[in-house]
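Novice: See my_file07.txt below, with compact mmCIF, C-alpha atoms.
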# COMPACT_ATOMS: atom_id res chain seq x y z
CA MET A 289 -4.63 -12.87 103.18
CA ASN A 290 -5.92 -9.94 105.21
CA PHE A 291 -7.71 -6.92 103.72
CA SER A 292 -4.71 -4.53 103.62
CA ALA A 293 -2.45 -7.17 102.07
CA GLY A 294 -5.04 -7.72 99.33
CA ILE A 295 -5.19 -3.97 98.60
CA MET A 296 -1.40 -3.71 98.46
CA LYS A 297 -1.22 -6.68 96.09
CA ARG A 298 -3.73 -5.00 93.72
CA ILE A 299 -1.88 -1.67 93.89
CA HIS A 300 1.47 -3.29 93.09
CA ALA A 301 -0.08 -5.27 90.21
CA GLY A 302 -1.39 -2.03 88.65
CA ILE A 303 1.88 -0.07 88.86
CA PRO A 304 3.52 -1.56 85.72
CA ALA A 305 0.41 -0.79 83.66
CA LEU A 306 0.28 2.81 84.88
CA PHE A 307 4.02 3.50 84.62
CA PRO A 308 4.12 4.63 80.92
CA SER A 309 1.30 7.14 81.48
CA PHE A 310 2.88 8.39 84.70
CA LEU A 311 6.28 8.75 83.01
CA PHE A 312 4.77 10.66 80.05
CA ILE A 313 2.96 13.12 82.36
CA LEU A 314 6.09 13.55 84.46
CA ILE A 315 8.17 14.36 81.36
CA LEU A 316 5.58 16.86 80.14
CA LEU A 317 5.42 18.57 83.53
CA PHE A 318 9.20 18.72 83.82
CA SER A 319 9.71 20.09 80.30
CA SER A 320 6.98 22.67 80.80
CA ALA A 321 8.39 23.71 84.19
CA CYS A 322 11.87 24.11 82.72
CA THR A 323 10.79 26.21 79.76
CA LYS A 324 7.62 28.06 80.74
CA ASP A 325 9.28 31.30 81.79
CA ASN A 326 12.20 31.37 79.38
CA PRO A 327 11.07 32.05 75.80
CA GLU A 328 14.56 33.40 75.00
CA LYS A 329 15.82 29.81 74.91
CA ILE A 330 14.40 29.62 71.36
CA SER A 331 17.26 31.69 69.97
CA GLN A 332 19.98 29.44 71.41
CA PRO A 333 22.28 27.90 68.80
CA GLU A 334 21.49 24.35 69.99
CA LEU A 335 17.80 24.80 69.32
CA GLN A 336 18.46 26.41 65.95
CA SER A 337 20.70 23.56 64.87
CA GLN A 338 18.33 20.89 66.18
CA TYR A 339 15.43 22.42 64.24
CA SER A 340 17.31 24.06 61.39
CA CYS A 341 14.23 23.78 59.18
CA VAL A 342 12.54 26.56 61.19
CA ALA A 343 13.32 30.13 60.11
CA PHE A 344 14.43 31.42 63.52
CA SER A 345 15.86 34.52 61.81
CA GLN A 346 12.38 35.89 61.15
CA GLU A 347 10.48 37.92 63.72
CA PRO A 348 8.32 35.41 65.65
CA GLN A 349 4.78 35.98 66.80
CA THR A 350 3.72 35.20 70.36
CA GLY A 351 0.41 34.59 72.04
CA ARG A 352 -1.30 32.74 74.85
CA VAL A 353 -3.22 29.57 74.02
CA ILE A 354 -6.83 30.07 75.03
CA SER A 355 -8.21 26.79 73.66
CA VAL A 356 -7.13 23.56 72.06
CA ILE A 357 -9.39 22.66 69.16
CA ASP A 358 -7.86 19.30 68.23
CA GLY A 359 -4.48 17.63 67.82
CA ASP A 360 -3.18 20.12 65.26
CA THR A 361 -5.14 23.34 65.83
CA ILE A 362 -5.23 25.83 68.68
CA LYS A 363 -6.75 29.23 69.36
CA ILE A 364 -4.45 31.94 70.67
CA GLU A 365 -4.87 35.46 71.93
CA SER A 366 -2.28 38.02 70.95
CA ASP A 367 -2.67 41.76 71.48
CA ASN A 368 -6.37 41.24 72.35
CA TYR A 369 -6.90 39.48 69.03
CA LYS A 370 -8.07 35.83 68.90
CA ILE A 371 -7.08 33.61 66.00
CA ASN A 372 -6.87 29.92 65.15
CA VAL A 373 -3.43 28.47 64.47
CA ARG A 374 -2.92 25.30 62.41
CA TYR A 375 0.32 23.40 63.00
CA ILE A 376 2.35 23.20 59.77
CA GLY A 377 3.46 19.85 58.37
CA ILE A 378 1.33 17.54 60.48
CA ASN A 379 -2.17 16.13 60.55
CA SER A 380 -3.80 14.58 63.59
CA PRO A 381 -6.82 12.27 63.35
CA GLU A 382 -10.16 14.03 63.03
CA LEU A 383 -12.70 13.94 65.85
CA ASP A 384 -15.62 13.13 63.53
CA THR A 385 -14.10 10.01 61.92
CA GLU A 386 -13.59 6.36 62.81
CA GLU A 387 -10.32 7.49 64.42
CA ASN A 388 -12.21 9.57 66.99
CA GLN A 389 -10.70 7.77 70.01
CA ILE A 390 -7.13 8.51 68.97
CA ALA A 391 -8.28 12.00 67.91
CA GLU A 392 -9.57 12.64 71.44
CA ARG A 393 -6.25 11.45 72.86
CA ALA A 394 -4.35 13.67 70.38
CA ARG A 395 -6.37 16.67 71.52
CA GLU A 396 -5.60 15.81 75.16
CA VAL A 397 -1.85 15.46 74.48
CA ASN A 398 -1.91 18.77 72.61
CA ARG A 399 -3.76 20.30 75.56
CA GLN A 400 -1.08 19.02 77.97
CA LEU A 401 1.62 20.59 75.80
CA VAL A 402 0.10 24.03 75.16
CA GLU A 403 -3.04 24.88 77.14
CA ASN A 404 -2.77 28.32 78.79
CA GLN A 405 0.87 28.55 77.72
CA MET A 406 2.66 31.35 75.92
CA VAL A 407 3.59 30.08 72.46
CA THR A 408 6.06 31.36 69.92
CA LEU A 409 5.03 31.01 66.28
CA TYR A 410 7.21 30.81 63.17
CA LYS A 411 5.97 31.00 59.61
CA ASP A 412 7.14 28.79 56.75
CA THR A 413 5.93 30.14 53.39
CA SER A 414 2.17 30.69 53.62
CA ASP A 415 0.57 32.98 56.16
CA THR A 416 -2.87 31.35 56.33
CA ASP A 417 -4.78 28.38 54.96
CA ARG A 418 -8.07 28.47 53.05
CA PHE A 419 -9.95 28.55 56.37
CA GLY A 420 -8.13 31.68 57.56
CA ARG A 421 -6.07 29.87 60.19
CA LEU A 422 -2.48 30.98 60.72
CA LEU A 423 -0.06 28.30 59.51
CA ARG A 424 2.81 28.08 61.97
CA TYR A 425 5.53 26.08 63.63
CA VAL A 426 4.66 26.33 67.33
CA PHE A 427 7.00 26.36 70.33
CA VAL A 428 6.36 26.38 74.06
CA GLY A 429 9.75 27.43 75.37
CA ASP A 430 12.12 25.05 73.62
CA VAL A 431 9.48 22.36 72.94
CA PHE A 432 8.66 22.17 69.22
CA VAL A 433 4.98 21.23 69.46
CA ASN A 434 4.47 20.17 65.80
CA TYR A 435 7.42 17.79 66.11
CA GLU A 436 6.36 16.43 69.51
CA MET A 437 2.84 15.61 68.29
CA VAL A 438 4.33 13.46 65.50
CA ARG A 439 7.10 11.98 67.66
CA LEU A 440 4.57 10.94 70.33
CA GLY A 441 2.37 9.30 67.67
CA TYR A 442 -0.62 11.66 67.87
CA ALA A 443 -0.20 13.22 64.43
CA ARG A 444 1.09 12.07 61.07
CA GLN A 445 3.63 13.88 58.98
CA LYS A 446 1.64 15.55 56.20
CA ASP A 447 3.22 17.64 53.49
CA TYR A 448 1.29 20.74 52.46
CA PRO A 449 3.49 22.47 49.84
CA PRO A 450 4.84 25.07 49.75
CA ASP A 451 5.08 24.86 53.57
CA SER A 452 7.48 21.92 53.64
CA ALA A 453 10.66 23.14 55.36
CA CYS A 454 10.40 20.60 58.20
CA LYS A 455 9.10 17.67 56.11
CA ASP A 456 12.21 15.51 56.63
CA LEU A 457 12.29 16.18 60.38
CA PHE A 458 8.64 15.16 60.70
CA ILE A 459 9.21 12.01 58.61
CA GLU A 460 11.98 11.02 61.05
CA ALA A 461 9.73 11.77 64.04
CA GLN A 462 6.94 9.65 62.55
CA GLN A 463 9.32 6.76 61.95
CA GLU A 464 10.44 7.00 65.58
CA ALA A 465 6.79 6.86 66.71
CA ILE A 466 6.10 3.84 64.49
CA ASN A 467 9.26 2.02 65.63
CA ASN A 468 8.33 2.61 69.28
CA ASN A 469 4.60 1.85 68.91
CA ARG A 470 3.54 5.25 70.20
CA GLY A 471 0.07 6.79 70.03
CA MET A 472 -1.82 5.80 66.90
CA TRP A 473 0.96 3.37 65.97
CA ASN A 474 0.38 1.27 69.13
CA SER A 475 -1.32 -1.94 68.03
CA ASN A 476 -2.41 -2.86 71.58
If you took the structure in this file and wrote it as structure tokens, what would it be?

Specialist:
Amino acid sequence: MNFSAGIMKRIHAGIPALFPSFLFILILLFSSACTKDNPEKISQPELQSQYSCVAFSQEPQTGRVISVIDGDTIKIESDNYKINVRYIGINSPELDTEENQIAERAREVNRQLVENQMVTLYKDTSDTDRFGRLLRYVFVGDVFVNYEMVRLGYARQKDYPPDSACKDLFIEAQQEAINNNRGMWNSN
């Protein structure tokens, strides 16, 4: 076998292993490209019925994500004010625990979803948590970030009453992640 044939054989052997990562990045890029400049899509009836647990009737807040802290917390800037936002109803692994590898991956997935993006925030019941972070359901265009983090397996559904409007939706998303061995639920 000549040199170029050997290289091609190695490249073709690696394609199946890289395909899931490539497909995931492609989907993220496509969904972000389709929604980045159209925040009005949030008010469409299809989105409201798909995520009926979110109070779309309230006045949303908007801001630009300036940093991703971990898999369930971001920092935004809105009207020259910087504030941390904690995603309602989910909990991603912590960076300073034995789950730090999946926590790093959760932060990276969150970064791919929201970094430098305009986000739209919806409140459930509470305004802030005991750390002063805004508690919100977060959207980038029509992508429901809280839901996607659970559905992709990089956060667990976690009920924090009284902010529980989307509890059932997140339980379904977590079951989908478990059934499909995604993220933290992948035993490989």

Novice: Under the rule that all atoms listed in the file are counted, which of A:Arg444, A:Lys363, A:Arg399, A:Arg374 is the nearest residue to Tyr425 (chain A)?

Specialist: A:Arg374

Novice: Measuring between all atoms listed in the file, which one of A:Val373, A:Phe419, A:Gly441, A:Lys411 shows the shortest distance to Ser345 (chain A)?

Specialist: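 Counting all atoms listed in the file, the residue closest to Ser345 (chain A) is A:Lys411.
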
Novice: Could you pull the residues within 12 Å of region 412-414 of chain A, counting all atoms listed in the file, minus those fewer than 6 positions along the same chain, as a PyMOL selection string?

Specialist: chain A and resi 341-348+374-377+420-426+448-455

Novice: Measuring between all atoms listed in the file, which one of A:Asp367, A:Glu387, A:Glu334, A:Asp456 shows the shortest distance to Ala443 (chain A)?

Specialist: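 Using all atoms listed in the file, the shortest distance to Ala443 (chain A) belongs to A:Glu387.
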
Novice: Identify the residues around (11.6, 7.6, 71.8) within a radius of 12 Å, measuring from only C-alpha atoms in the coordinates stated by the file, and give them as JSON, numbers by chain.

Specialist: {"A": [312, 436, 438, 439, 440, 441, 460, 461, 462, 463, 464, 465, 466, 467, 468, 469, 470, 471]}

Novice: Please identify all polymer residues lying at most 12 Å from the point (-5.2, 15.6, 75.4) (file coordinates), using only C-alpha atoms, and present the result as a list in words.

Specialist: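 Within the cut-off we find Ile313, Leu316, Ser355, Val356, Ile357, Asp358, Gly359, Asp360, Ser380, Gln389, Ile390, Ala391, Glu392, Arg393, Ala394, Arg395, Glu396, Val397, Asn398, Arg399, Gln400, Leu401, Val402, Glu403, Met437, Leu440, Tyr442 and Gly471 of chain A.
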
Novice: Using CA of Asn368 (chain A) and CA of Gly351 (chain A) as the two end points, give the distance in Å to one decimal.

Specialist: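 Distance reported for this atom pair: 9.5 Å.
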
Novice: By how many Å are CA of Asn379 (chain A) and CA of Lys446 (chain A) apart?

Specialist: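 Answer for the CA of Asn379 (chain A) to CA of Lys446 (chain A) separation: 5.8 Å.
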
Novice: Work out how far apart CA of Arg418 (chain A) and CA of Asn434 (chain A) are and give it in Å to one decimal.

Specialist: 19.7 Å

Novice: Since the input is missing atoms, can you rebuild N, CA, C and O atoms for region 344-359 of chain A and write them as a PDB file, in the frame of the given file?

Specialist:
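For reference, out.pdb as written:
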ATOM      1  N   PHE A 344      14.303  30.677  62.270  1.00  0.00           N
ATOM      2  CA  PHE A 344      14.430  31.420  63.520  1.00  0.00           C
ATOM      3  C   PHE A 344      14.856  32.865  63.286  1.00  0.00           C
ATOM      4  O   PHE A 344      14.712  33.701  64.167  1.00  0.00           O
ATOM      5  N   SER A 345      15.393  33.159  62.097  1.00  0.00           N
ATOM      6  CA  SER A 345      15.860  34.520  61.810  1.00  0.00           C
ATOM      7  C   SER A 345      14.711  35.507  61.635  1.00  0.00           C
ATOM      8  O   SER A 345      14.894  36.704  61.793  1.00  0.00           O
ATOM      9  N   GLN A 346      13.527  34.997  61.309  1.00  0.00           N
ATOM     10  CA  GLN A 346      12.380  35.890  61.150  1.00  0.00           C
ATOM     11  C   GLN A 346      11.850  36.343  62.504  1.00  0.00           C
ATOM     12  O   GLN A 346      12.120  35.727  63.524  1.00  0.00           O
ATOM     13  N   GLU A 347      11.105  37.413  62.503  1.00  0.00           N
ATOM     14  CA  GLU A 347      10.480  37.920  63.720  1.00  0.00           C
ATOM     15  C   GLU A 347       9.328  36.984  64.101  1.00  0.00           C
ATOM     16  O   GLU A 347       8.364  36.851  63.353  1.00  0.00           O
ATOM     17  N   PRO A 348       9.408  36.327  65.264  1.00  0.00           N
ATOM     18  CA  PRO A 348       8.320  35.410  65.650  1.00  0.00           C
ATOM     19  C   PRO A 348       7.110  36.170  66.154  1.00  0.00           C
ATOM     20  O   PRO A 348       7.194  37.338  66.513  1.00  0.00           O
ATOM     21  N   GLN A 349       5.994  35.473  66.176  1.00  0.00           N
ATOM     22  CA  GLN A 349       4.780  35.980  66.800  1.00  0.00           C
ATOM     23  C   GLN A 349       4.627  35.241  68.125  1.00  0.00           C
ATOM     24  O   GLN A 349       5.079  34.106  68.252  1.00  0.00           O
ATOM     25  N   THR A 350       3.989  35.867  69.088  1.00  0.00           N
ATOM     26  CA  THR A 350       3.720  35.200  70.360  1.00  0.00           C
ATOM     27  C   THR A 350       2.262  35.393  70.730  1.00  0.00           C
ATOM     28  O   THR A 350       1.605  36.332  70.268  1.00  0.00           O
ATOM     29  N   GLY A 351       1.775  34.501  71.542  1.00  0.00           N
ATOM     30  CA  GLY A 351       0.410  34.590  72.040  1.00  0.00           C
ATOM     31  C   GLY A 351       0.176  33.565  73.116  1.00  0.00           C
ATOM     32  O   GLY A 351       0.989  32.656  73.306  1.00  0.00           O
ATOM     33  N   ARG A 352      -0.923  33.707  73.819  1.00  0.00           N
ATOM     34  CA  ARG A 352      -1.300  32.740  74.850  1.00  0.00           C
ATOM     35  C   ARG A 352      -2.379  31.836  74.275  1.00  0.00           C
ATOM     36  O   ARG A 352      -3.340  32.294  73.659  1.00  0.00           O
ATOM     37  N   VAL A 353      -2.222  30.534  74.495  1.00  0.00           N
ATOM     38  CA  VAL A 353      -3.220  29.570  74.020  1.00  0.00           C
ATOM     39  C   VAL A 353      -4.452  29.682  74.907  1.00  0.00           C
ATOM     40  O   VAL A 353      -4.363  29.557  76.132  1.00  0.00           O
ATOM     41  N   ILE A 354      -5.588  29.946  74.271  1.00  0.00           N
ATOM     42  CA  ILE A 354      -6.830  30.070  75.030  1.00  0.00           C
ATOM     43  C   ILE A 354      -7.733  28.850  74.856  1.00  0.00           C
ATOM     44  O   ILE A 354      -8.625  28.620  75.667  1.00  0.00           O
ATOM     45  N   SER A 355      -7.497  28.061  73.791  1.00  0.00           N
ATOM     46  CA  SER A 355      -8.210  26.790  73.660  1.00  0.00           C
ATOM     47  C   SER A 355      -7.475  25.880  72.689  1.00  0.00           C
ATOM     48  O   SER A 355      -6.749  26.322  71.820  1.00  0.00           O
ATOM     49  N   VAL A 356      -7.696  24.591  72.923  1.00  0.00           N
ATOM     50  CA  VAL A 356      -7.130  23.560  72.060  1.00  0.00           C
ATOM     51  C   VAL A 356      -8.285  22.950  71.293  1.00  0.00           C
ATOM     52  O   VAL A 356      -9.196  22.367  71.892  1.00  0.00           O
ATOM     53  N   ILE A 357      -8.274  23.101  69.989  1.00  0.00           N
ATOM     54  CA  ILE A 357      -9.390  22.660  69.160  1.00  0.00           C
ATOM     55  C   ILE A 357      -9.292  21.168  68.857  1.00  0.00           C
ATOM     56  O   ILE A 357     -10.263  20.438  68.954  1.00  0.00           O
ATOM     57  N   ASP A 358      -8.096  20.719  68.480  1.00  0.00           N
ATOM     58  CA  ASP A 358      -7.860  19.300  68.230  1.00  0.00           C
ATOM     59  C   ASP A 358      -6.360  19.051  68.304  1.00  0.00           C
ATOM     60  O   ASP A 358      -5.639  19.850  68.902  1.00  0.00           O
ATOM     61  N   GLY A 359      -5.891  17.980  67.706  1.00  0.00           N
ATOM     62  CA  GLY A 359      -4.480  17.630  67.820  1.00  0.00           C
ATOM     63  C   GLY A 359      -3.541  18.469  66.993  1.00  0.00           C
ATOM     64  O   GLY A 359      -2.326  18.380  67.173  1.00  0.00           O
TER      65      GLY A 359
END
